[in-house]
file model-v2.txt (compact mmCIF, C-alpha atoms and all ligand atoms)
# COMPACT_ATOMS: atom_id res chain seq x y z
CA MET A 1 0.00 0.00 0.00
CA ILE A 2 2.94 2.36 -0.62
CA ALA A 3 2.62 3.50 -4.26
CA PHE A 4 -0.67 4.76 -5.68
CA GLY A 5 -2.11 6.66 -8.61
CA PRO A 6 -0.98 8.59 -10.49
CA VAL A 7 -3.47 11.20 -9.34
CA PRO A 8 -3.97 14.43 -11.31
CA SER A 9 -2.38 17.47 -9.69
CA ARG A 10 -2.32 21.10 -10.81
CA ARG A 11 1.15 21.47 -9.34
CA LEU A 12 2.68 18.20 -10.45
CA GLY A 13 0.74 16.98 -13.49
CA LYS A 14 0.38 13.20 -13.20
CA SER A 15 1.71 12.48 -9.75
CA LEU A 16 2.49 8.92 -8.66
CA GLY A 17 2.01 9.06 -4.91
CA ILE A 18 4.34 7.41 -2.42
CA ASN A 19 2.97 6.83 1.05
CA ASN A 20 6.13 6.35 3.12
CA ILE A 21 4.29 6.47 6.46
CA ILE A 22 2.77 3.42 8.15
CA PRO A 23 -1.07 3.19 8.24
CA GLY A 24 -2.69 5.53 10.73
CA LYS A 25 -1.71 9.17 10.45
CA GLN A 26 1.75 10.30 11.67
CA CYS A 27 2.18 14.06 11.73
CA SER A 28 3.66 16.95 13.70
CA TYR A 29 0.55 19.00 12.93
CA SER A 30 -3.17 18.51 13.16
CA CYS A 31 -4.38 21.08 10.64
CA ILE A 32 -8.02 22.03 10.97
CA TYR A 33 -8.50 21.50 7.23
CA CYS A 34 -6.62 18.18 7.01
CA GLN A 35 -8.35 15.88 4.54
CA ILE A 36 -7.29 12.74 6.40
CA GLY A 37 -8.76 13.67 9.77
CA ASN A 38 -7.34 14.73 13.13
CA THR A 39 -3.89 13.62 14.24
CA LYS A 40 -4.42 11.35 17.24
CA VAL A 41 -0.86 11.67 18.58
CA LYS A 42 1.34 14.44 17.17
CA ARG A 43 5.06 13.74 16.95
CA LEU A 44 8.42 15.24 15.99
CA GLU A 45 10.70 12.19 16.25
CA ARG A 46 11.84 10.61 13.04
CA GLU A 47 11.81 6.84 12.64
CA GLU A 48 12.04 4.06 10.08
CA PHE A 49 8.57 3.13 8.86
CA TYR A 50 9.65 0.88 5.97
CA GLU A 51 12.97 -0.38 4.73
CA PRO A 52 14.00 1.71 1.69
CA GLU A 53 14.22 -1.52 -0.36
CA ILE A 54 10.48 -2.08 0.19
CA ILE A 55 9.61 1.44 -0.98
CA PHE A 56 11.82 1.06 -4.05
CA ARG A 57 10.34 -2.33 -4.97
CA GLU A 58 6.73 -1.19 -4.53
CA VAL A 59 7.27 1.88 -6.72
CA GLU A 60 9.01 -0.26 -9.34
CA GLU A 61 6.14 -2.78 -9.36
CA HIS A 62 3.50 -0.05 -9.50
CA LEU A 63 5.22 1.69 -12.41
CA GLY A 64 5.32 -1.66 -14.21
CA LYS A 65 1.52 -1.97 -13.97
CA LEU A 66 0.69 1.43 -15.50
CA ASP A 67 -0.14 1.90 -19.17
CA GLN A 68 1.72 4.49 -21.28
CA ASN A 69 -1.00 7.15 -20.83
CA HIS A 70 -0.35 7.15 -17.11
CA THR A 71 3.42 7.52 -17.05
CA PRO A 72 3.87 9.94 -14.15
CA ASP A 73 5.35 13.43 -14.41
CA TYR A 74 6.48 13.19 -10.78
CA LEU A 75 7.07 10.59 -8.10
CA SER A 76 5.71 12.40 -5.05
CA PHE A 77 6.03 11.75 -1.35
CA VAL A 78 2.49 12.62 -0.21
CA PRO A 79 1.81 10.24 2.67
CA ASN A 80 -0.91 10.07 5.29
CA GLY A 81 1.09 12.40 7.48
CA GLU A 82 4.38 14.29 7.33
CA PRO A 83 6.91 12.61 4.97
CA THR A 84 10.01 13.99 6.72
CA LEU A 85 9.19 11.93 9.83
CA ASP A 86 10.60 9.03 7.80
CA ILE A 87 14.26 8.76 8.78
CA ASN A 88 15.13 7.02 5.49
CA LEU A 89 13.67 9.73 3.27
CA GLY A 90 17.01 10.95 1.87
CA LYS A 91 18.09 7.44 0.94
CA GLU A 92 14.70 6.69 -0.64
CA ILE A 93 14.82 9.86 -2.76
CA ARG A 94 18.33 9.00 -3.98
CA TRP A 95 17.39 5.45 -4.86
CA LEU A 96 14.15 6.42 -6.65
CA LYS A 97 16.14 8.67 -8.96
CA ALA A 98 17.02 5.44 -10.80
CA PHE A 99 13.60 5.73 -12.52
CA HIS A 100 14.57 9.08 -14.10
CA ILE A 101 11.29 10.67 -13.07
CA PRO A 102 11.42 13.99 -11.19
CA LEU A 103 10.88 13.61 -7.48
CA ALA A 104 8.67 15.81 -5.30
CA VAL A 105 8.12 16.00 -1.56
CA ILE A 106 5.10 17.78 -0.06
CA THR A 107 6.08 18.79 3.46
CA ASN A 108 4.62 20.90 6.24
CA GLY A 109 8.15 22.23 6.86
CA SER A 110 7.97 21.77 10.62
CA LEU A 111 11.10 19.59 10.79
CA LEU A 112 13.23 21.82 8.57
CA TYR A 113 14.95 23.22 11.68
CA ARG A 114 16.85 19.90 11.66
CA SER A 115 19.92 19.72 9.44
CA ASP A 116 19.37 16.01 8.65
CA VAL A 117 15.88 16.82 7.29
CA ARG A 118 17.19 19.74 5.22
CA ASN A 119 19.93 17.50 3.81
CA ASP A 120 17.44 14.76 2.89
CA LEU A 121 15.24 17.19 0.97
CA MET A 122 18.19 18.66 -0.95
CA TYR A 123 17.99 15.56 -3.19
CA GLY A 124 14.42 16.33 -4.29
CA ASP A 125 13.59 18.05 -7.60
CA LEU A 126 10.57 19.89 -6.25
CA ILE A 127 9.83 20.61 -2.62
CA SER A 128 6.48 22.07 -1.61
CA VAL A 129 6.47 23.69 1.83
CA LYS A 130 3.29 24.52 3.70
CA ALA A 131 3.07 28.11 4.98
CA ASP A 132 -0.34 29.01 6.38
CA ALA A 133 0.60 31.41 9.16
CA ALA A 134 2.80 34.42 9.79
CA THR A 135 2.23 34.57 13.53
CA GLU A 136 2.50 32.02 16.30
CA GLU A 137 -1.11 32.58 17.32
CA ILE A 138 -2.53 31.83 13.87
CA TRP A 139 -0.07 28.96 13.36
CA ARG A 140 -1.38 27.29 16.53
CA LYS A 141 -4.97 27.94 15.46
CA ILE A 142 -4.75 26.52 11.96
CA ASN A 143 -1.96 23.91 12.12
CA HIS A 144 -2.20 22.78 15.77
CA PRO A 145 1.52 21.90 15.90
CA VAL A 146 2.98 19.53 18.44
CA GLU A 147 3.34 21.50 21.70
CA ARG A 148 7.16 21.65 21.92
CA LEU A 149 7.62 23.02 18.41
CA ASN A 150 8.62 26.66 18.41
CA PHE A 151 7.31 29.06 15.77
CA ARG A 152 10.54 31.03 15.26
CA LYS A 153 12.53 27.81 15.05
CA TYR A 154 10.11 26.52 12.43
CA GLN A 155 10.31 29.74 10.37
CA ASN A 156 14.12 29.85 10.60
CA GLY A 157 14.30 26.21 9.45
CA VAL A 158 12.18 26.96 6.38
CA LYS A 159 14.32 30.00 5.58
CA ARG A 160 17.59 28.08 5.93
CA PHE A 161 16.31 25.37 3.61
CA ALA A 162 15.10 27.92 1.04
CA ASP A 163 18.50 29.63 1.09
CA TYR A 164 20.38 26.48 0.10
CA PHE A 165 17.94 24.41 -1.96
CA SER A 166 18.74 24.55 -5.68
CA GLY A 167 15.71 22.63 -7.02
CA LYS A 168 12.20 23.98 -7.53
CA LEU A 169 10.79 25.39 -4.31
CA VAL A 170 7.07 26.08 -4.06
CA THR A 171 5.00 27.13 -1.09
CA GLU A 172 1.40 26.27 -0.35
CA THR A 173 -0.83 28.47 1.75
CA MET A 174 -4.25 27.18 2.71
CA LEU A 175 -6.62 30.04 3.38
CA VAL A 176 -9.46 29.30 5.79
CA SER A 177 -12.28 31.76 6.26
CA GLY A 178 -12.06 33.68 9.54
CA ILE A 179 -8.75 32.06 10.57
CA ASN A 180 -5.84 33.32 8.47
CA ASP A 181 -7.50 35.46 5.80
CA THR A 182 -7.35 39.04 7.11
CA VAL A 183 -5.51 41.56 4.95
CA GLU A 184 -2.96 42.26 7.73
CA HIS A 185 -2.14 38.60 8.15
CA ILE A 186 -1.94 37.86 4.42
CA ARG A 187 0.39 40.84 4.00
CA GLU A 188 2.67 39.57 6.77
CA LEU A 189 2.65 36.09 5.28
CA ALA A 190 3.45 37.43 1.82
CA SER A 191 6.44 39.25 3.28
CA PHE A 192 7.74 36.03 4.89
CA LEU A 193 7.23 34.11 1.64
CA ALA A 194 8.93 36.79 -0.45
CA ASP A 195 12.00 36.27 1.71
CA LEU A 196 12.03 32.58 0.72
CA GLN A 197 11.92 33.44 -2.99
CA PRO A 198 9.87 30.40 -4.04
CA ASP A 199 9.41 29.56 -7.72
CA ILE A 200 5.65 29.66 -7.17
CA ALA A 201 3.56 30.59 -4.13
CA TYR A 202 0.32 28.64 -4.28
CA ILE A 203 -2.80 29.78 -2.51
CA ALA A 204 -5.18 26.91 -1.82
CA VAL A 205 -8.62 26.56 -0.26
CA PRO A 206 -10.11 23.54 1.52
CA VAL A 207 -11.91 21.81 -1.36
CA ARG A 208 -11.99 18.38 0.30
CA PRO A 209 -13.75 17.40 3.54
CA PRO A 210 -11.78 18.96 6.43
CA ALA A 211 -10.90 17.48 9.84
CA VAL A 212 -12.86 20.26 11.58
CA LYS A 213 -16.39 20.61 10.25
CA SER A 214 -16.58 24.39 10.76
CA VAL A 215 -13.76 25.05 8.25
CA LYS A 216 -15.01 27.25 5.40
CA ILE A 217 -13.63 28.41 2.07
CA PRO A 218 -12.93 32.19 1.99
CA SER A 219 -14.94 34.36 -0.40
CA GLU A 220 -13.70 35.04 -3.93
CA GLU A 221 -13.13 38.65 -2.94
CA ILE A 222 -10.70 37.58 -0.22
CA LEU A 223 -8.94 35.17 -2.55
CA ASN A 224 -8.53 37.91 -5.11
CA ARG A 225 -7.15 40.24 -2.46
CA ALA A 226 -4.70 37.57 -1.28
CA TYR A 227 -3.56 37.09 -4.87
CA GLN A 228 -3.00 40.84 -5.27
CA LEU A 229 -1.08 41.07 -1.97
CA PHE A 230 1.14 38.12 -2.88
CA THR A 231 1.96 39.45 -6.34
CA ALA A 232 2.59 42.93 -4.91
CA HIS A 233 5.37 41.27 -2.89
CA GLY A 234 6.94 39.96 -6.09
CA LEU A 235 5.63 36.42 -5.65
CA LYS A 236 4.71 34.41 -8.73
CA THR A 237 1.33 33.30 -7.44
CA GLU A 238 -1.23 30.70 -8.47
CA ILE A 239 -4.56 29.95 -6.86
CA LEU A 240 -5.63 26.33 -6.44
CA THR A 241 -9.36 26.44 -5.95
CA GLY A 242 -10.70 23.85 -8.28
CA PHE A 243 -11.09 20.17 -8.59
CA GLU A 244 -7.97 18.63 -10.12
CA GLY A 245 -9.67 16.12 -12.45
CA THR A 246 -10.97 12.58 -12.33
CA ASN A 247 -8.17 10.85 -14.19
CA THR A 248 -6.49 8.78 -11.49
CA GLY A 249 -4.08 6.02 -12.49
CA PHE A 250 -5.30 2.42 -12.33
CA THR A 251 -3.56 -0.90 -11.97
CA GLY A 252 -6.42 -3.30 -12.79
CA ASN A 253 -7.07 -3.95 -9.10
CA ALA A 254 -9.89 -1.55 -8.13
CA TRP A 255 -9.93 -2.69 -4.50
CA ASP A 256 -6.25 -1.79 -3.95
CA ASP A 257 -6.40 1.37 -6.08
CA ILE A 258 -9.30 2.79 -4.07
CA LEU A 259 -7.75 1.95 -0.69
CA ASN A 260 -4.31 3.27 -1.64
CA ILE A 261 -5.50 6.56 -3.09
CA THR A 262 -8.14 7.32 -0.45
CA ALA A 263 -5.58 6.77 2.31
CA VAL A 264 -4.07 10.15 1.41
CA HIS A 265 -6.45 11.75 -1.06
CA PRO A 266 -10.25 11.62 -0.67
CA LEU A 267 -11.85 10.72 -4.00
CA ARG A 268 -14.84 12.55 -5.36
CA GLU A 269 -17.67 10.31 -6.56
CA ASP A 270 -17.05 11.00 -10.26
CA SER A 271 -13.34 10.13 -9.81
CA ILE A 272 -14.13 6.86 -8.10
CA ARG A 273 -16.64 5.93 -10.83
CA ARG A 274 -14.06 6.65 -13.52
CA LEU A 275 -11.44 4.59 -11.67
CA LEU A 276 -13.89 1.68 -11.41
CA ARG A 277 -14.60 1.84 -15.17
CA GLN A 278 -10.87 1.81 -15.93
CA ASP A 279 -10.31 -1.11 -13.58
CA LYS A 280 -13.31 -2.87 -15.20
CA ALA A 281 -15.08 -3.08 -11.87
CA ASP A 282 -18.43 -1.86 -10.60
CA PHE A 283 -19.75 0.15 -7.68
CA ASN A 284 -20.32 -3.00 -5.58
CA ILE A 285 -16.65 -2.75 -4.60
CA VAL A 286 -17.24 0.67 -3.04
CA GLU A 287 -20.31 -0.58 -1.19
CA SER A 288 -18.42 -3.58 0.07
CA LEU A 289 -15.51 -1.41 1.28
CA ILE A 290 -18.00 0.78 3.15
CA GLU A 291 -19.73 -2.27 4.66
CA GLN A 292 -16.39 -3.58 5.89
CA GLY A 293 -15.61 -0.25 7.54
CA LEU A 294 -12.65 0.45 5.23
CA LEU A 295 -14.18 3.41 3.43
CA GLU A 296 -16.50 6.22 4.40
CA ALA A 297 -18.74 8.48 2.27
CA VAL A 298 -18.78 12.16 3.30
CA ALA A 299 -20.74 15.08 1.83
CA TYR A 300 -18.81 18.36 1.48
CA ASN A 301 -19.49 21.50 -0.53
CA GLY A 302 -22.32 19.85 -2.47
CA GLU A 303 -20.22 16.83 -3.53
CA ARG A 304 -19.82 13.29 -2.22
CA PHE A 305 -16.29 12.14 -1.31
CA TYR A 306 -14.92 8.76 -0.27
CA LEU A 307 -12.27 8.59 2.47
CA ARG A 308 -10.21 5.72 3.86
CA LYS A 309 -11.17 4.64 7.37
CA TYR A 310 -8.67 3.28 9.85
CA HIS A 311 -9.23 1.33 13.01
CA ILE A 312 -6.53 2.55 15.32
CA LEU A 313 -6.34 0.79 18.68
S1 LIG B 401 -2.62 18.72 6.26
FE1 LIG B 401 -0.62 17.74 6.20
S2 LIG B 401 0.52 18.75 7.80
FE2 LIG B 401 -1.59 19.20 8.19
S3 LIG B 401 -2.26 17.59 9.63
FE3 LIG B 401 -2.75 16.89 7.56
S4 LIG B 401 -0.99 15.65 6.98
FE4 LIG B 401 -0.34 16.91 8.73
call {"tool": "encode", "arguments": {"input": "model-v2.txt", "output": "structure tokens", "more": "lines below"}}
Ligand code: SF4
result
Amino acid sequence: MIAFGPVPSRRLGKSLGINNIIPGKQCSYSCIYCQIGNTKVKRLEREEFYEPEIIFREVEEHLGKLDQNHTPDYLSFVPNGEPTLDINLGKEIRWLKAFHIPLAVITNGSLLYRSDVRNDLMYGDLISVKADAATEEIWRKINHPVERLNFRKYQNGVKRFADYFSGKLVTETMLVSGINDTVEHIRELASFLADLQPDIAYIAVPVRPPAVKSVKIPSEEILNRAYQLFTAHGLKTEILTGFEGTNTGFTGNAWDDILNITAVHPLREDSIRRLLRQDKADFNIVESLIEQGLLEAVAYNGERFYLRKYHIL
């Protein structure tokens, strides 16, 4: 259950996902908008979740099952949690380069104060760093970081990484209505981001079911204002507000494809129906996964999504 997709991504094109974290969410944050639910126990310690050989073999096997139309544009570490908690990440990135496909890591940036984490990510081709808050107060409100993490230390870590990283650096800012979307805060955030000099600063909104039900998408007026404030700070800015498409990769095994993708990426109903057609399967599989408590249907923003369910003891 390590490699999945590819899933369509505005940032990465066809992105073959790598879930390098063991089942059950492992993260240093518990973001209010997280699409994979609350973090039961937040953590900062790194550990080995899988042997790098296993990750390499699973990616190799998954690539072998894809048809030519689904050759990925990126191999992306987008696990059910924070990928830098994996102590073998640097080694895995280096080994996966053997496939000659650009490698991306989507990180919350909270461990970048550590030199070993910065060194691991130096091997990536594209690193996306989350940046939702410019003040400690808002950071704690939106990202709910592990208690002993310090805001200045986190910001300094991100800055140090940005100063030395020579690949493509992008930032991702999730705007949540009433939490981090005032003009003053967005201006302060834009100033922090401008200092990082990212290739692109993405502004996103919570389009998938969030961990906290009260999370709302900001108005278009606020999004437009955020875009203007970012660009006024010299940031090349893109807004990610839409659905990224239904064309997920398939391996011929609908059961595994659905479980692997929904573990990190809730699937909208039209995406899951398309995946089933491609895998030559029918909707009974979805119903059976729900009956067995492995999948859950959730309504959000007028759409129906399917999420992976875990039974954590
Ligand atoms: S959105 Fe990412 S960083 Fe935030 S809690 Fe979820 S997995 Fe962790």
call {"tool": "residues_around", "arguments": {"input": "model-v2.txt", "residues": "range 209-226 of chain A", "least_positions_apart": "6", "cutoff": "7 Å", "atoms": "all atoms listed in the file", "output": "PyMOL selection string"}}
result
chain A and resi 32-38+175-177+186+300
call {"tool": "atom_distance", "arguments": {"input": "model-v2.txt", "atom1": "CA of Thr107 in chain A", "atom2": "CA of Leu44 in chain A"}}
result
13.2 Å
call {"tool": "closest_residue", "arguments": {"input": "model-v2.txt", "among": "A:Ala131, A:Asn260, A:Asn156, A:Val146", "to": "Pro198 in chain A", "atoms": "only C-alpha atoms"}}
result
A:Ala131
call {"tool": "residues_near_ligand", "arguments": {"input": "model-v2.txt", "ligand": "ligand LIG 401 (chain B)", "cutoff": "10 Å", "atoms": "only C-alpha atoms and all ligand atoms", "output": "number ranges by chain"}}
result
A: 25-39, 42, 78-83, 106-110, 129-130, 142-145, 174, 210-211, 264
call {"tool": "closest_atom_pairs", "arguments": {"input": "model-v2.txt", "of": "range 144-257 of chain A", "to": "range 46-64 of chain A", "cutoff": "12 Å", "atoms": "all atoms listed in the file", "output": "Markdown table"}}
result
| residue | atom | partner | partner_atom | distance |
| --- | --- | --- | --- | --- |
| A:Gly249 | CA | A:His62 | CA | 10.2 |
| A:Phe250 | CA | A:His62 | CA | 9.6 |
| A:Thr251 | CA | A:His62 | CA | 7.5 |
| A:Gly252 | CA | A:His62 | CA | 10.9 |
| A:Asn253 | CA | A:His62 | CA | 11.3 |
| A:Asp256 | CA | A:His62 | CA | 11.4 |
| A:Asp257 | CA | A:His62 | CA | 10.6 |
call {"tool": "closest_residue", "arguments": {"input": "model-v2.txt", "among": "A:Glu147, A:Phe192, A:Asn301, A:Asp270", "to": "Val205 in chain A", "atoms": "all atoms listed in the file"}}
result
A:Asn301
call {"tool": "axis_aligned_box", "arguments": {"input": "model-v2.txt", "around": "range 33-51 of chain A", "padding_each_side": "3 Å", "output": "AutoDock Vina command-line options"}}
result
--center_x 2.1 --center_y 10.6 --center_z 11.6 --size_x 27.7 --size_y 27.9 --size_z 20.0
call {"tool": "atom_distance", "arguments": {"input": "model-v2.txt", "atom1": "CA of Ala263 in chain A", "atom2": "CA of Val7 in chain A"}}
result
12.6 Å
call {"tool": "closest_residue", "arguments": {"input": "model-v2.txt", "among": "A:Val158, A:Ala133, A:Ile2, A:Ile272", "to": "Ile285 in chain A", "atoms": "only C-alpha atoms"}}
result
A:Ile272
call {"tool": "build_atoms", "arguments": {"input": "model-v2.txt", "residues": "range 89-123 of chain A", "atoms": "N, CA and C atoms", "output": "short mmCIF file (atom, residue, chain, number, x, y, z; two decimals), in the frame of the given file"}}
result
data_model
loop_
_atom_site.label_atom_id
_atom_site.label_comp_id
_atom_site.auth_asym_id
_atom_site.auth_seq_id
_atom_site.Cartn_x
_atom_site.Cartn_y
_atom_site.Cartn_z
N LEU A 89 14.15 8.98 4.44
CA LEU A 89 13.67 9.73 3.27
C LEU A 89 14.77 10.08 2.27
N GLY A 90 15.92 10.55 2.77
CA GLY A 90 17.01 10.95 1.87
C GLY A 90 17.47 9.77 1.02
N LYS A 91 17.64 8.63 1.67
CA LYS A 91 18.09 7.44 0.94
C LYS A 91 17.04 7.03 -0.10
N GLU A 92 15.78 7.08 0.29
CA GLU A 92 14.70 6.69 -0.64
C GLU A 92 14.69 7.61 -1.86
N ILE A 93 14.82 8.92 -1.63
CA ILE A 93 14.82 9.86 -2.76
C ILE A 93 15.98 9.53 -3.70
N ARG A 94 17.15 9.28 -3.13
CA ARG A 94 18.33 9.00 -3.98
C ARG A 94 18.12 7.73 -4.79
N TRP A 95 17.59 6.70 -4.14
CA TRP A 95 17.39 5.45 -4.86
C TRP A 95 16.34 5.59 -5.97
N LEU A 96 15.26 6.31 -5.68
CA LEU A 96 14.15 6.42 -6.65
C LEU A 96 14.55 7.21 -7.88
N LYS A 97 15.66 7.93 -7.79
CA LYS A 97 16.14 8.67 -8.96
C LYS A 97 16.50 7.72 -10.10
N ALA A 98 16.70 6.44 -9.77
CA ALA A 98 17.02 5.44 -10.80
C ALA A 98 15.92 5.36 -11.86
N PHE A 99 14.70 5.80 -11.54
CA PHE A 99 13.60 5.73 -12.52
C PHE A 99 13.59 6.92 -13.47
N HIS A 100 14.47 7.89 -13.23
CA HIS A 100 14.57 9.08 -14.10
C HIS A 100 13.25 9.82 -14.22
N ILE A 101 12.53 9.89 -13.12
CA ILE A 101 11.29 10.67 -13.07
C ILE A 101 11.51 11.71 -11.97
N PRO A 102 11.20 12.99 -12.24
CA PRO A 102 11.42 13.99 -11.19
C PRO A 102 10.73 13.62 -9.89
N LEU A 103 11.36 14.01 -8.80
CA LEU A 103 10.88 13.61 -7.48
C LEU A 103 10.42 14.80 -6.63
N ALA A 104 9.22 14.70 -6.10
CA ALA A 104 8.67 15.81 -5.30
C ALA A 104 8.39 15.35 -3.87
N VAL A 105 8.52 16.27 -2.95
CA VAL A 105 8.12 16.00 -1.56
C VAL A 105 7.20 17.14 -1.12
N ILE A 106 6.05 16.78 -0.58
CA ILE A 106 5.10 17.78 -0.06
C ILE A 106 5.22 17.75 1.46
N THR A 107 5.81 18.80 2.02
CA THR A 107 6.08 18.79 3.46
C THR A 107 5.42 19.96 4.18
N ASN A 108 5.16 19.77 5.47
CA ASN A 108 4.62 20.90 6.24
C ASN A 108 5.76 21.80 6.75
N GLY A 109 7.00 21.38 6.55
CA GLY A 109 8.15 22.23 6.86
C GLY A 109 8.51 22.29 8.34
N SER A 110 7.76 21.60 9.18
CA SER A 110 7.97 21.77 10.62
C SER A 110 9.26 21.15 11.13
N LEU A 111 9.84 20.21 10.34
CA LEU A 111 11.10 19.59 10.79
C LEU A 111 12.32 20.18 10.08
N LEU A 112 12.10 21.24 9.32
CA LEU A 112 13.23 21.82 8.57
C LEU A 112 14.24 22.52 9.48
N TYR A 113 13.95 22.67 10.75
CA TYR A 113 14.95 23.22 11.68
C TYR A 113 16.07 22.21 11.89
N ARG A 114 15.83 20.95 11.49
CA ARG A 114 16.85 19.90 11.66
C ARG A 114 17.73 19.82 10.42
N SER A 115 19.04 19.76 10.61
CA SER A 115 19.92 19.72 9.44
C SER A 115 19.77 18.41 8.67
N ASP A 116 19.50 17.28 9.38
CA ASP A 116 19.37 16.01 8.65
C ASP A 116 18.16 16.05 7.71
N VAL A 117 17.08 16.72 8.14
CA VAL A 117 15.88 16.82 7.29
C VAL A 117 16.18 17.72 6.08
N ARG A 118 16.86 18.84 6.34
CA ARG A 118 17.19 19.74 5.22
C ARG A 118 18.08 19.00 4.21
N ASN A 119 19.04 18.24 4.72
CA ASN A 119 19.93 17.50 3.81
C ASN A 119 19.16 16.48 2.99
N ASP A 120 18.23 15.77 3.62
CA ASP A 120 17.44 14.76 2.89
C ASP A 120 16.69 15.41 1.73
N LEU A 121 16.09 16.57 2.00
CA LEU A 121 15.24 17.19 0.97
C LEU A 121 16.04 17.83 -0.15
N MET A 122 17.34 18.07 0.10
CA MET A 122 18.19 18.66 -0.95
C MET A 122 18.20 17.78 -2.20
N TYR A 123 17.95 16.47 -2.04
CA TYR A 123 17.99 15.56 -3.19
C TYR A 123 16.73 15.63 -4.05
#
